Amino acid sequence: MSTQQVADLLRQAKRILAVTGAGISSESGVPTFRGAGGLWGRFCAEDLATPEAFARDPELVWRCYDERRQDLALKSPNPGHTVLAGWEKRWPDFQLITQTVDGLHQLAGSKRVIPVHGNIWEMRCVDEGSIVIDRSVPLSTIPPRCSRCHALLRPNVVWFGEPLPAAAMATINKLLSRCQALLVIGTSAMVYPVAEFPLIVKKNGGRVIEINTEATPLTGLADYVLQGRAGEILPEIDHAL
Ligand code: BJW
């Protein structure tokens, strides 16, 4: 399957969605979660990415997020992010959905991006639910506390067992039902509900394109599979458009 075939499909489609995972940022030097060198190789997901872990030891969880934030503060978008930001202008109906929490899509200029797993640069008060943007690194106090009510703040990200933001999911479900082409980029396609998005699109008659350096559970189901680095393949597709 060639980038030209995918470019031809995209040129004919009007309603295009892209969903990205940690792999979109790996060429910016951001570690992925699974696989060699992934975050879950160094840290145990159950100890960090669940509400139970935070209730048990908020300081431990915040120390790890603080370390990730310090690392992320030094990273910049790569050509994959840049191409996706440009596609917003090319197609008025193009919508980007990301599982990344690093904010690199937004830094690349993407305005229409739905961060379904939250944003590592936001903190949410566990009592009031209020959200503050905080880009300070390192954090001056761990765990940070709400300036109004002094309750704990938590990273405004979605942990295992937590629902994805309801309003975002309502929008996404509408978009999936009418999507003509879904690009699935740099995700292991193992985490639900996002792992189901390609199946919904296919059921509704849309085409699915996977871009990944490795095979995933989606590879056998996708209509087009482009194996390789997103930061190289996306510019190639863009060039062929
Ligand atoms: C490249 C590349 C390059 C590298 N170019 N490619 C149905 C069945 C079974 C289980 C469930 C189910 N429904 C729900 C669940 C439970 C659970 C789940 O899915 N578990 C699975 C592990 C089985 N899901 C949830 O709990 C979700 N919530 C939910 O469903 O709620 C329902 C509910 C309703 C009502 C009330 C209560 C609940 C929430 C999931 C939250 C995920 N959170 C995390 C952490 C975010 C915060 C943080 O960052 O700290 O999100 S976990 C982590 O995994 C992170 C990621 O967004 C997510 C996905 O990972 P991703 O992005 O795919 O990264 P990797 O590392 O896995 O893959 C990288 C890929 O890139 C690889 O394939 C590489 O090959 C590739 N790559 N370089 C292209 N250059």
# chains A, B, ... in the order shown; residues from 1 in each chain; ligands from 1
>>> select_by_dssp(residues="region 96-137 of chain A", states="strand (DSSP E or B)", output="number ranges by chain")
A: 96-98, 113-115, 118-125, 131-133
>>> residues_around(residues="Ser140 (chain A)", least_positions_apart="5", cutoff="12 Å", atoms="only C-alpha atoms", output="CSV table (one decimal) with all heavy atoms, in the first residue's frame")
chain,number,residue,atom,x,y,z
A,62,TRP,N,2.3,12.3,41.8
A,62,TRP,CA,2.7,13.6,41.3
A,62,TRP,C,4.2,13.7,41.0
A,62,TRP,O,4.7,14.4,40.1
A,62,TRP,CB,2.3,14.7,42.4
A,62,TRP,CG,1.0,15.4,42.0
A,62,TRP,CD1,-0.1,15.4,42.7
A,62,TRP,CD2,0.8,16.2,40.9
A,62,TRP,NE1,-1.1,16.1,42.1
A,62,TRP,CE2,-0.6,16.6,40.9
A,62,TRP,CE3,1.5,16.5,39.7
A,62,TRP,CZ2,-1.2,17.4,40.0
A,62,TRP,CZ3,0.9,17.3,38.7
A,62,TRP,CH2,-0.4,17.7,38.9
A,63,ARG,N,5.0,12.9,41.8
A,63,ARG,CA,6.5,12.9,41.5
A,63,ARG,C,6.7,12.4,40.1
A,63,ARG,O,7.6,13.0,39.3
A,63,ARG,CB,7.3,12.1,42.5
A,63,ARG,CG,7.3,12.7,43.9
A,63,ARG,CD,8.6,12.5,44.7
A,63,ARG,NE,8.5,13.3,45.9
A,63,ARG,CZ,8.8,14.6,46.0
A,63,ARG,NH1,9.2,15.3,44.9
A,63,ARG,NH2,8.6,15.2,47.1
A,66,ASP,N,5.5,15.0,37.6
A,66,ASP,CA,6.4,16.2,37.6
A,66,ASP,C,7.7,15.8,36.7
A,66,ASP,O,8.1,16.7,35.9
A,66,ASP,CB,6.9,16.5,39.1
A,66,ASP,CG,7.7,17.8,39.1
A,66,ASP,OD1,7.4,18.7,38.5
A,66,ASP,OD2,8.7,17.8,39.9
A,134,ASP,N,-1.2,25.0,34.4
A,134,ASP,CA,0.0,25.2,35.1
A,134,ASP,C,1.2,24.6,34.4
A,134,ASP,O,1.3,23.3,34.3
A,134,ASP,CB,-0.1,24.6,36.6
A,134,ASP,CG,1.1,24.9,37.4
A,134,ASP,OD1,2.2,25.0,36.9
A,134,ASP,OD2,0.9,25.1,38.6
A,135,ARG,N,2.1,25.4,33.8
A,135,ARG,CA,3.2,24.9,33.1
A,135,ARG,C,4.5,24.9,33.8
A,135,ARG,O,5.6,24.8,33.3
A,135,ARG,CB,3.3,25.6,31.7
A,135,ARG,CG,2.1,25.4,30.8
A,135,ARG,CD,2.4,25.9,29.4
A,135,ARG,NE,3.3,25.1,28.6
A,135,ARG,CZ,3.0,24.1,27.8
A,135,ARG,NH1,1.7,23.9,27.5
A,135,ARG,NH2,3.8,23.4,27.2
A,145,ARG,N,-1.8,21.9,45.7
A,145,ARG,CA,-3.1,22.1,46.3
A,145,ARG,C,-3.8,23.2,45.7
A,145,ARG,O,-3.2,24.2,45.2
A,145,ARG,CB,-3.0,22.3,47.8
A,145,ARG,CG,-2.5,21.0,48.5
A,145,ARG,CD,-2.6,21.0,50.0
A,145,ARG,NE,-2.3,19.7,50.5
A,145,ARG,CZ,-3.2,18.7,50.8
A,145,ARG,NH1,-4.5,19.0,50.5
A,145,ARG,NH2,-2.9,17.5,51.2
>>> closest_residue(among="A:Pro58, A:Pro155, A:Gly38, A:Gly21", to="ligand 1", atoms="only C-alpha atoms and all ligand atoms")
A:Gly21
>>> residues_around(residues="region 84-101 of chain A", least_positions_apart="4", cutoff="8 Å", atoms="only C-alpha atoms", output="list in words")
Lys14, Arg15, Ile16, Leu17, Ala18, Val19, Thr20, Gly21, Ala22, Gly80, His105, Ala108, Gly109, Ser110, Lys111, Arg112, Val113, Ile114, Pro115, Val116, His117, Gly118, Asn119, Ile120, Trp121, Val157 and Leu234 of chain A
>>> write_last_selection(atoms="C-alpha atoms", output="compact mmCIF listing (two decimals), in the first residue's frame")
# COMPACT_ATOMS: atom_id res chain seq x y z
CA LYS A 14 -14.63 15.17 2.84
CA ARG A 15 -15.11 14.02 6.39
CA ILE A 16 -11.69 12.96 7.64
CA LEU A 17 -10.69 12.11 11.19
CA ALA A 18 -7.25 11.43 12.62
CA VAL A 19 -6.68 9.77 15.95
CA THR A 20 -3.19 9.85 17.38
CA GLY A 21 -1.44 7.99 20.17
CA ALA A 22 1.89 8.29 21.91
CA GLY A 80 3.98 14.64 11.90
CA HIS A 105 -0.40 19.07 18.65
CA ALA A 108 2.25 22.71 16.32
CA GLY A 109 -0.78 24.91 15.64
CA SER A 110 -3.69 22.45 15.76
CA LYS A 111 -6.78 24.30 16.96
CA ARG A 112 -9.44 21.64 16.41
CA VAL A 113 -8.00 18.94 18.63
CA ILE A 114 -9.92 16.81 21.09
CA PRO A 115 -7.53 15.54 23.80
CA VAL A 116 -9.61 12.54 24.93
CA HIS A 117 -7.19 11.51 27.68
CA GLY A 118 -6.76 15.03 29.03
CA ASN A 119 -3.82 17.40 29.29
CA ILE A 120 -0.76 17.01 31.48
CA TRP A 121 -0.43 20.82 31.73
CA VAL A 157 -5.78 13.32 32.62
CA LEU A 234 2.58 12.05 7.10
>>> select_by_dssp(residues="region 144-200 of chain A", states="helix (DSSP H, G or I)", output="VMD selection string")
chain A and resid 166 to 178 194 to 200
>>> write_last_selection(atoms="C-alpha atoms", output="PDB file, in the first residue's frame")
ATOM      1  CA  ALA A 166     -18.746  13.075  28.175  1.00  0.00           C
ATOM      2  CA  ALA A 167     -19.083  16.128  25.915  1.00  0.00           C
ATOM      3  CA  ALA A 168     -16.041  15.115  23.880  1.00  0.00           C
ATOM      4  CA  MET A 169     -17.349  11.567  23.492  1.00  0.00           C
ATOM      5  CA  ALA A 170     -20.750  12.832  22.318  1.00  0.00           C
ATOM      6  CA  THR A 171     -19.023  14.910  19.631  1.00  0.00           C
ATOM      7  CA  ILE A 172     -16.746  12.028  18.670  1.00  0.00           C
ATOM      8  CA  ASN A 173     -19.608   9.553  18.345  1.00  0.00           C
ATOM      9  CA  LYS A 174     -21.315  11.886  15.861  1.00  0.00           C
ATOM     10  CA  LEU A 175     -18.072  12.341  13.919  1.00  0.00           C
ATOM     11  CA  LEU A 176     -17.406   8.584  13.826  1.00  0.00           C
ATOM     12  CA  SER A 177     -20.870   7.854  12.454  1.00  0.00           C
ATOM     13  CA  ARG A 178     -20.272  10.033   9.373  1.00  0.00           C
ATOM     14  CA  VAL A 194     -10.455   4.696  21.465  1.00  0.00           C
ATOM     15  CA  ALA A 195      -9.521   1.187  20.248  1.00  0.00           C
ATOM     16  CA  GLU A 196     -13.130   0.824  19.107  1.00  0.00           C
ATOM     17  CA  PHE A 197     -13.187   3.951  16.929  1.00  0.00           C
ATOM     18  CA  PRO A 198     -11.875   2.170  13.779  1.00  0.00           C
ATOM     19  CA  LEU A 199     -14.477  -0.563  14.171  1.00  0.00           C
ATOM     20  CA  ILE A 200     -17.272   2.002  14.398  1.00  0.00           C
TER      21      ILE A 200
END
>>> closest_residue(among="A:Asp238, A:Asp8, A:Asp223, A:Glu67", to="ligand 1", atoms="only C-alpha atoms and all ligand atoms")
A:Glu67
>>> closest_residue(among="A:Ala230, A:Val208, A:Ala151, A:Val201", to="ligand 1", atoms="only C-alpha atoms and all ligand atoms")
A:Ala230
>>> closest_residue(among="A:Phe54, A:Tyr65, A:Trp40, A:Phe160", to="ligand 1", atoms="only C-alpha atoms and all ligand atoms")
A:Phe160
>>> closest_residue(among="A:Pro163, A:Pro217, A:Gly206, A:Gly29", to="ligand 1", atoms="only C-alpha atoms and all ligand atoms")
A:Pro163
